>>> print(open('upload.cif').read())   # mmCIF, C-alpha atoms
data_start
#
loop_
_atom_site.label_atom_id
_atom_site.label_comp_id
_atom_site.auth_asym_id
_atom_site.auth_seq_id
_atom_site.Cartn_x
_atom_site.Cartn_y
_atom_site.Cartn_z
CA MET T 1 5.98 -5.57 -0.78
CA ASN T 2 9.55 -5.37 0.43
CA ILE T 3 10.24 -7.24 3.65
CA VAL T 4 12.69 -5.72 6.12
CA ASN T 5 15.09 -7.98 8.00
CA MET T 6 13.09 -9.67 10.76
CA SER T 7 16.02 -9.63 13.17
CA ILE T 8 15.58 -5.89 13.64
CA VAL T 9 12.48 -6.54 15.77
CA SER T 10 13.34 -9.00 18.52
CA VAL T 11 11.02 -11.55 20.10
CA GLY T 12 11.56 -9.80 23.43
CA ALA T 13 10.35 -6.51 21.96
CA LEU T 14 7.26 -8.19 20.59
CA SER T 15 6.35 -9.65 23.98
CA ALA T 16 6.04 -6.15 25.36
CA ILE T 17 3.18 -5.35 22.99
CA SER T 18 1.37 -8.67 23.15
CA GLY T 19 -1.71 -9.17 25.28
CA ALA T 20 -5.30 -8.05 25.20
CA LEU T 21 -4.99 -5.07 22.89
CA ASP T 22 -8.69 -5.31 22.06
CA ASP T 23 -9.52 -4.78 25.74
CA LYS T 24 -7.08 -1.87 25.99
CA MET T 25 -8.60 -0.22 22.94
CA ALA T 26 -12.09 -0.48 24.42
CA ASP T 27 -10.86 0.86 27.76
CA ALA T 28 -9.33 3.84 25.92
CA GLY T 29 -12.72 4.77 24.44
CA MET T 30 -12.25 3.27 20.99
CA VAL T 31 -15.11 1.48 19.23
CA SER T 32 -14.84 -1.61 17.07
CA VAL T 33 -15.29 -1.07 13.36
CA ALA T 34 -16.97 -4.48 13.25
CA ASP T 35 -19.72 -3.19 15.55
CA VAL T 36 -20.21 0.32 14.19
CA CYS T 37 -19.65 -0.47 10.51
CA PRO T 38 -20.96 -4.01 9.94
CA ASP T 39 -20.87 -3.59 6.15
CA VAL T 40 -17.14 -2.75 6.20
CA ASP T 41 -14.70 -5.65 5.89
CA TYR T 42 -11.41 -5.79 7.77
CA ASN T 43 -8.12 -7.68 7.60
CA LEU T 44 -5.47 -6.24 9.91
CA MET T 45 -2.18 -6.33 8.02
CA TYR T 46 -0.07 -5.95 11.18
CA ALA T 47 -1.74 -8.99 12.73
CA ARG T 48 0.09 -11.05 10.07
CA PRO T 49 3.79 -11.29 9.22
CA ASP T 50 3.31 -10.30 5.56
CA ASN T 51 3.70 -6.58 6.18
CA PHE T 52 6.69 -4.32 5.63
CA THR T 53 8.23 -5.22 9.03
CA GLY T 54 8.04 -8.96 8.37
CA VAL T 55 6.65 -9.73 11.83
CA VAL T 56 3.30 -9.85 13.65
CA LEU T 57 2.83 -6.59 15.56
CA TYR T 58 -0.79 -6.92 16.68
CA ASN T 59 -0.75 -9.76 19.16
CA GLY T 60 -4.06 -9.77 21.00
CA MET T 61 -5.94 -7.48 18.62
CA THR T 62 -8.69 -9.01 16.54
CA TYR T 63 -10.64 -5.98 15.29
CA PRO T 64 -9.81 -2.54 13.89
CA TRP T 65 -10.65 0.22 16.37
CA LEU T 66 -11.36 3.93 15.92
CA ARG T 67 -12.63 6.86 17.93
CA PRO T 68 -16.43 7.01 17.75
CA GLU T 69 -16.47 10.04 15.44
CA ALA T 70 -13.99 8.38 13.06
CA ALA T 71 -16.02 5.16 13.03
CA LYS T 72 -19.17 7.17 12.28
CA ALA T 73 -17.42 8.88 9.37
CA LEU T 74 -16.21 5.51 8.09
CA ALA T 75 -19.80 4.26 8.10
CA GLU T 76 -20.76 7.31 6.03
CA ALA T 77 -17.96 6.56 3.55
CA SER T 78 -19.18 2.98 3.27
CA SER T 79 -22.73 4.16 2.62
CA ARG T 80 -21.43 6.46 -0.11
CA LEU T 81 -19.56 3.60 -1.78
CA ARG T 82 -22.51 1.24 -1.57
CA SER T 83 -24.83 3.83 -3.11
CA GLU T 84 -22.43 4.35 -6.02
CA ARG T 85 -21.21 0.76 -6.36
CA PRO T 86 -23.37 -1.74 -4.42
CA ASP T 87 -21.13 -4.56 -5.62
CA LEU T 88 -18.14 -3.19 -3.69
CA ARG T 89 -17.16 -2.87 -0.03
CA LEU T 90 -14.54 -1.01 1.97
CA LEU T 91 -11.74 -3.07 3.53
CA VAL T 92 -9.87 -1.72 6.57
CA LYS T 93 -6.25 -2.83 6.82
CA ASP T 94 -5.25 -0.73 9.85
CA ALA T 95 -6.90 1.81 12.13
CA ALA T 96 -6.10 2.86 15.72
CA ARG T 97 -2.54 1.85 16.60
CA PRO T 98 -0.94 1.77 20.06
CA MET T 99 2.29 3.69 20.55
CA SER T 100 4.04 0.44 21.50
CA VAL T 101 3.45 -0.79 17.95
CA GLN T 102 4.43 2.60 16.52
CA ARG T 103 7.79 2.37 18.30
CA ARG T 104 8.46 -1.10 16.88
CA MET T 105 7.60 0.11 13.37
CA TYR T 106 9.90 3.08 13.60
CA GLU T 107 12.77 0.94 14.86
CA VAL T 108 12.47 -1.13 11.69
CA VAL T 109 12.79 1.82 9.29
CA GLN T 110 14.95 4.20 11.34
CA GLY T 111 18.01 5.26 9.39
CA THR T 112 16.58 4.12 6.05
CA SER T 113 14.80 5.93 3.22
CA LYS T 114 11.55 4.42 4.48
CA ALA T 115 11.66 6.35 7.76
CA ARG T 116 9.72 9.24 6.24
CA TYR T 117 6.71 6.96 5.80
CA VAL T 118 6.45 6.15 9.52
CA SER T 119 5.60 8.81 12.12
CA ASN T 120 8.45 9.21 14.60
CA PRO T 121 7.14 8.29 18.06
CA ALA T 122 9.60 10.76 19.57
CA ASN T 123 7.51 13.50 17.93
CA GLY T 124 4.27 12.25 19.43
CA GLY T 125 3.25 9.76 16.77
CA GLY T 126 0.62 10.24 14.09
CA LEU T 127 -3.13 10.11 13.63
CA HIS T 128 -3.23 6.31 13.88
CA ASN T 129 -2.01 6.71 17.45
CA TYR T 130 -5.06 8.80 18.28
CA GLY T 131 -7.60 6.55 16.55
CA MET T 132 -8.29 9.17 13.89
CA ALA T 133 -6.69 7.57 10.83
CA VAL T 134 -7.45 4.52 8.75
CA ASP T 135 -5.62 2.50 6.09
CA ILE T 136 -8.25 1.29 3.70
CA THR T 137 -8.98 -0.10 0.26
CA ILE T 138 -11.91 -1.54 -1.72
CA VAL T 139 -12.87 -5.16 -2.36
CA ASP T 140 -15.25 -6.76 -4.84
CA SER T 141 -18.16 -9.09 -4.06
CA LEU T 142 -15.74 -12.02 -3.70
CA GLY T 143 -13.50 -10.16 -1.26
CA ASN T 144 -10.73 -9.52 -3.77
CA GLU T 145 -8.95 -6.19 -3.42
CA LEU T 146 -9.40 -3.90 -6.40
CA PRO T 147 -6.12 -3.18 -8.23
CA MET T 148 -4.72 0.15 -7.08
CA GLY T 149 -1.31 0.10 -8.72
CA THR T 150 0.49 -0.91 -5.53
CA SER T 151 -0.31 -2.98 -2.49
CA VAL T 152 -1.44 -1.26 0.68
CA ASP T 153 1.66 -0.24 2.66
CA HIS T 154 3.87 -0.01 -0.41
CA LEU T 155 6.71 2.35 0.48
CA GLY T 156 7.54 4.16 -2.74
CA SER T 157 6.56 6.95 -5.09
CA GLU T 158 4.20 4.64 -6.98
CA ALA T 159 1.77 5.11 -4.07
CA ASN T 160 1.76 8.91 -4.30
CA ILE T 161 -1.60 10.45 -5.13
CA ASP T 162 -0.26 13.73 -6.57
CA ARG T 163 1.60 11.97 -9.39
CA GLU T 164 -1.04 9.55 -10.57
CA GLU T 165 -1.58 11.02 -14.03
CA GLU T 166 2.16 10.90 -14.59
CA LEU T 167 2.24 7.31 -13.32
CA VAL T 168 -0.51 6.39 -15.79
CA ASN T 169 1.28 8.10 -18.68
CA ARG T 170 4.51 6.26 -17.81
CA GLY T 171 2.70 2.93 -17.61
CA VAL T 172 3.52 2.48 -13.92
CA ILE T 173 -0.16 2.18 -13.00
CA THR T 174 -3.15 1.67 -15.31
CA ARG T 175 -6.03 4.05 -15.94
CA GLN T 176 -8.36 1.59 -14.16
CA GLU T 177 -6.08 1.50 -11.12
CA ARG T 178 -6.16 5.28 -10.94
CA ASP T 179 -9.94 5.29 -11.31
CA ASN T 180 -10.15 2.84 -8.41
CA ARG T 181 -8.06 5.18 -6.27
CA LEU T 182 -10.28 8.10 -7.23
CA LEU T 183 -13.37 6.13 -6.24
CA LEU T 184 -11.88 5.42 -2.82
CA ARG T 185 -10.90 9.07 -2.31
CA ARG T 186 -14.28 10.30 -3.46
CA CYS T 187 -16.11 8.18 -0.89
CA MET T 188 -13.72 8.93 1.95
CA ARG T 189 -13.65 12.67 1.28
CA ALA T 190 -17.46 12.75 1.19
CA ALA T 191 -17.39 11.50 4.79
CA GLY T 192 -14.84 14.10 5.93
CA PHE T 193 -11.59 12.15 5.62
CA LYS T 194 -8.50 13.73 4.08
CA PRO T 195 -6.05 11.69 1.99
CA LEU T 196 -2.29 11.51 2.57
CA ARG T 197 -0.17 12.64 -0.37
CA THR T 198 2.28 9.73 -0.22
CA GLU T 199 -0.11 6.85 0.49
CA TRP T 200 -3.29 6.33 -1.54
CA TRP T 201 -4.74 4.06 1.21
CA HIS T 202 -4.24 6.40 4.21
CA PHE T 203 -6.93 8.83 5.38
CA ASN T 204 -7.08 11.20 8.37
CA LEU T 205 -10.24 12.61 9.89
CA CYS T 206 -8.50 15.59 11.53
CA THR T 207 -5.11 17.28 11.71
CA ARG T 208 -2.40 16.16 14.09
CA ASN T 209 -2.59 19.43 16.01
CA GLU T 210 -6.33 19.00 16.47
CA ALA T 211 -5.88 15.43 17.68
CA ARG T 212 -3.29 16.53 20.22
CA ARG T 213 -5.63 19.22 21.54
CA ARG T 214 -8.73 17.05 21.78
CA TYR T 215 -7.70 13.44 22.33
CA ARG T 216 -5.51 11.25 24.48
CA LEU T 217 -2.63 9.40 22.83
CA LEU T 218 -3.02 5.62 22.74
CA ASP T 219 0.15 5.16 24.77
CA PHE T 220 0.12 1.51 25.73
#
>>> encode(input="upload.cif", output="structure tokens")
Amino acid sequence: MNIVNMSIVSVGALSAISGALDDKMADAGMVSVADVCPDVDYNLMYARPDNFTGVVLYNGMTYPWLRPEAAKALAEASSRLRSERPDLRLLVKDAARPMSVQRRMYEVVQGTSKARYVSNPANGGGLHNYGMAVDITIVDSLGNELPMGTSVDHLGSEANIDREEELVNRGVITRQERDNRLLLRRCMRAAGFKPLRTEWWHFNLCTRNEARRRYRLLDF
């Protein structure tokens, strides 16, 4: 995973988003994935510095959060995976995301080729900012992530889902890696989630227009 210069996100900027984000998520009507989906693992990638920004963005957030209907759908996806492959589990890497974090992310990539991978907060943000999107992968019985051809949050065409057969033919990803992606999509789609063309790990439960009509933005 490429790491962007850490100096782009200042310590002062990070202090503005630190605090009890878990409490704010609960107050905003989100539910904890740990409570609703106990058989789903989680490891928040933005709570660690080894993400594409190179800094910790989730100070004060311990659990992934979603709107209740999204958490229910995630539980259905997990049940589908466990019925097909009881040796595997879903692993959430990101879910509901406050707009304060979205702004920091966009500042990192603004003006670069990576900007198209991050929703512009000036346009209202994306489905993460409504608690209706999840970044997710699959792990084995030992907690190891299945190979998917790229890491979660890889910013590049290798993560595209509409070019996977070509990527296999070119030797960029293996047939097994594509099959693992297809397994993930099959389970998530069965629960009502829709995949994102450019990111094999990203799934939305509704459209952005629908989210704007029905839900409040997580603007804190």
>>> residues_around(input="upload.cif", residues="T:Gly143", least_positions_apart="5", cutoff="10 Å", atoms="all atoms listed in the file", output="list of chain:residue names")
T:Asp41, T:Leu88, T:Arg89, T:Leu90, T:Leu91, T:Ile138
>>> resolve_selection(input="upload.cif", expression="the PyMOL selection byres ((chain T and resi 165) around 12)", output="PyMOL selection string")
chain T and resi 158+160-164+166-179+181-182
>>> closest_residue(input="upload.cif", among="T:Asn129, T:Ser119, T:Ser100, T:Ser157", to="T:Tyr215", atoms="all atoms listed in the file")
T:Asn129
>>> resolve_selection(input="upload.cif", expression="the PyMOL selection byres ((chain T and resi 25) around 10)", output="MDAnalysis selection string")
chainID T and resid 20:24 26:32 61 63:67 96:98 131 218 220
>>> resolve_selection(input="upload.cif", expression="the PyMOL selection byres ((chain T and resi 188) around 12)", output="MDAnalysis selection string")
chainID T and resid 70:81 90 133:138 181:187 189:196 200:205
>>> atom_distance(input="upload.cif", atom1="atom CA of T:His154", atom2="atom CA of T:Ser141")
24.1 Å
>>> atom_distance(input="upload.cif", atom1="atom CA of T:Val92", atom2="atom CA of T:Val108")
22.9 Å
>>> atom_distance(input="upload.cif", atom1="atom CA of T:Gln102", atom2="atom CA of T:Val56")
12.8 Å
>>> closest_residue(input="upload.cif", among="T:Ala159, T:Gly54, T:Leu217, T:Asn120", to="T:Arg197", atoms="all atoms listed in the file")
T:Ala159
>>> closest_residue(input="upload.cif", among="T:Ala95, T:Pro68, T:Asn43, T:Pro147", to="T:Leu127", atoms="only C-alpha atoms")
T:Ala95
>>> closest_residue(input="upload.cif", among="T:Gly126, T:Gly156, T:Pro38, T:Gly149", to="T:Asn209", atoms="all atoms listed in the file")
T:Gly126
>>> residues_around(input="upload.cif", residues="T:Met45", least_positions_apart="5", cutoff="7 Å", atoms="only C-alpha atoms", output="ChimeraX atom specification")
/T:51,93-94
>>> build_atoms(input="upload.cif", residues="stretch 64-96 of chain T", atoms="N, CA and C atoms", output="mmCIF file, keeping the file's coordinate frame")
data_model
loop_
_atom_site.group_PDB
_atom_site.id
_atom_site.type_symbol
_atom_site.label_atom_id
_atom_site.label_comp_id
_atom_site.auth_asym_id
_atom_site.auth_seq_id
_atom_site.Cartn_x
_atom_site.Cartn_y
_atom_site.Cartn_z
ATOM 1 N N PRO T 64 -10.267 -3.931 14.012
ATOM 2 C CA PRO T 64 -9.810 -2.540 13.890
ATOM 3 C C PRO T 64 -10.651 -1.657 14.808
ATOM 4 N N TRP T 65 -9.998 -0.683 15.432
ATOM 5 C CA TRP T 65 -10.650 0.220 16.370
ATOM 6 C C TRP T 65 -10.452 1.660 15.928
ATOM 7 N N LEU T 66 -11.433 2.507 16.231
ATOM 8 C CA LEU T 66 -11.360 3.930 15.920
ATOM 9 C C LEU T 66 -12.071 4.710 17.023
ATOM 10 N N ARG T 67 -11.810 6.014 17.077
ATOM 11 C CA ARG T 67 -12.630 6.860 17.930
ATOM 12 C C ARG T 67 -14.045 6.892 17.365
ATOM 13 N N PRO T 68 -15.049 7.073 18.217
ATOM 14 C CA PRO T 68 -16.430 7.010 17.750
ATOM 15 C C PRO T 68 -16.731 7.901 16.564
ATOM 16 N N GLU T 69 -16.190 9.142 16.555
ATOM 17 C CA GLU T 69 -16.470 10.040 15.440
ATOM 18 C C GLU T 69 -15.821 9.560 14.148
ATOM 19 N N ALA T 70 -14.649 8.920 14.257
ATOM 20 C CA ALA T 70 -13.990 8.380 13.060
ATOM 21 C C ALA T 70 -14.749 7.157 12.548
ATOM 22 N N ALA T 71 -15.241 6.325 13.453
ATOM 23 C CA ALA T 71 -16.020 5.160 13.030
ATOM 24 C C ALA T 71 -17.323 5.603 12.363
ATOM 25 N N LYS T 72 -17.945 6.644 12.890
ATOM 26 C CA LYS T 72 -19.170 7.170 12.280
ATOM 27 C C LYS T 72 -18.891 7.678 10.869
ATOM 28 N N ALA T 73 -17.780 8.384 10.703
ATOM 29 C CA ALA T 73 -17.420 8.880 9.370
ATOM 30 C C ALA T 73 -17.124 7.731 8.422
ATOM 31 N N LEU T 74 -16.496 6.680 8.923
ATOM 32 C CA LEU T 74 -16.210 5.510 8.090
ATOM 33 C C LEU T 74 -17.515 4.871 7.619
ATOM 34 N N ALA T 75 -18.505 4.802 8.500
ATOM 35 C CA ALA T 75 -19.800 4.260 8.100
ATOM 36 C C ALA T 75 -20.430 5.111 7.002
ATOM 37 N N GLU T 76 -20.243 6.422 7.070
ATOM 38 C CA GLU T 76 -20.760 7.310 6.030
ATOM 39 C C GLU T 76 -20.047 7.056 4.703
ATOM 40 N N ALA T 77 -18.728 6.849 4.769
ATOM 41 C CA ALA T 77 -17.960 6.560 3.550
ATOM 42 C C ALA T 77 -18.435 5.246 2.929
ATOM 43 N N SER T 78 -18.694 4.257 3.772
ATOM 44 C CA SER T 78 -19.180 2.980 3.270
ATOM 45 C C SER T 78 -20.542 3.131 2.598
ATOM 46 N N SER T 79 -21.407 3.931 3.213
ATOM 47 C CA SER T 79 -22.730 4.160 2.620
ATOM 48 C C SER T 79 -22.608 4.839 1.270
ATOM 49 N N ARG T 80 -21.657 5.768 1.161
ATOM 50 C CA ARG T 80 -21.430 6.460 -0.110
ATOM 51 C C ARG T 80 -20.962 5.475 -1.180
ATOM 52 N N LEU T 81 -20.050 4.585 -0.808
ATOM 53 C CA LEU T 81 -19.560 3.600 -1.780
ATOM 54 C C LEU T 81 -20.677 2.663 -2.206
ATOM 55 N N ARG T 82 -21.468 2.196 -1.243
ATOM 56 C CA ARG T 82 -22.510 1.240 -1.570
ATOM 57 C C ARG T 82 -23.601 1.858 -2.436
ATOM 58 N N SER T 83 -23.832 3.183 -2.267
ATOM 59 C CA SER T 83 -24.830 3.830 -3.110
ATOM 60 C C SER T 83 -24.335 4.004 -4.535
ATOM 61 N N GLU T 84 -23.015 4.178 -4.684
ATOM 62 C CA GLU T 84 -22.430 4.350 -6.020
ATOM 63 C C GLU T 84 -22.115 3.006 -6.666
ATOM 64 N N ARG T 85 -21.597 2.074 -5.863
ATOM 65 C CA ARG T 85 -21.210 0.760 -6.360
ATOM 66 C C ARG T 85 -21.643 -0.308 -5.351
ATOM 67 N N PRO T 86 -22.883 -0.760 -5.400
ATOM 68 C CA PRO T 86 -23.370 -1.740 -4.420
ATOM 69 C C PRO T 86 -22.658 -3.076 -4.473
ATOM 70 N N ASP T 87 -21.872 -3.305 -5.502
ATOM 71 C CA ASP T 87 -21.130 -4.560 -5.620
ATOM 72 C C ASP T 87 -19.790 -4.509 -4.887
ATOM 73 N N LEU T 88 -19.443 -3.358 -4.321
ATOM 74 C CA LEU T 88 -18.140 -3.190 -3.690
ATOM 75 C C LEU T 88 -18.283 -2.886 -2.196
ATOM 76 N N ARG T 89 -17.195 -3.144 -1.467
ATOM 77 C CA ARG T 89 -17.160 -2.870 -0.030
ATOM 78 C C ARG T 89 -15.812 -2.266 0.338
ATOM 79 N N LEU T 90 -15.789 -1.495 1.418
ATOM 80 C CA LEU T 90 -14.540 -1.010 1.970
ATOM 81 C C LEU T 90 -13.868 -2.112 2.775
ATOM 82 N N LEU T 91 -12.538 -2.104 2.762
ATOM 83 C CA LEU T 91 -11.740 -3.070 3.530
ATOM 84 C C LEU T 91 -10.715 -2.310 4.358
ATOM 85 N N VAL T 92 -10.822 -2.379 5.672
ATOM 86 C CA VAL T 92 -9.870 -1.720 6.570
ATOM 87 C C VAL T 92 -8.675 -2.620 6.795
ATOM 88 N N LYS T 93 -7.476 -2.080 6.599
ATOM 89 C CA LYS T 93 -6.250 -2.830 6.820
ATOM 90 C C LYS T 93 -5.535 -2.407 8.103
ATOM 91 N N ASP T 94 -5.795 -1.189 8.571
ATOM 92 C CA ASP T 94 -5.250 -0.730 9.850
ATOM 93 C C ASP T 94 -6.061 0.481 10.293
ATOM 94 N N ALA T 95 -6.136 0.685 11.594
ATOM 95 C CA ALA T 95 -6.900 1.810 12.130
ATOM 96 C C ALA T 95 -6.148 2.359 13.338
ATOM 97 N N ALA T 96 -6.789 2.379 14.519
ATOM 98 C CA ALA T 96 -6.100 2.860 15.720
ATOM 99 C C ALA T 96 -4.901 1.956 16.016
#
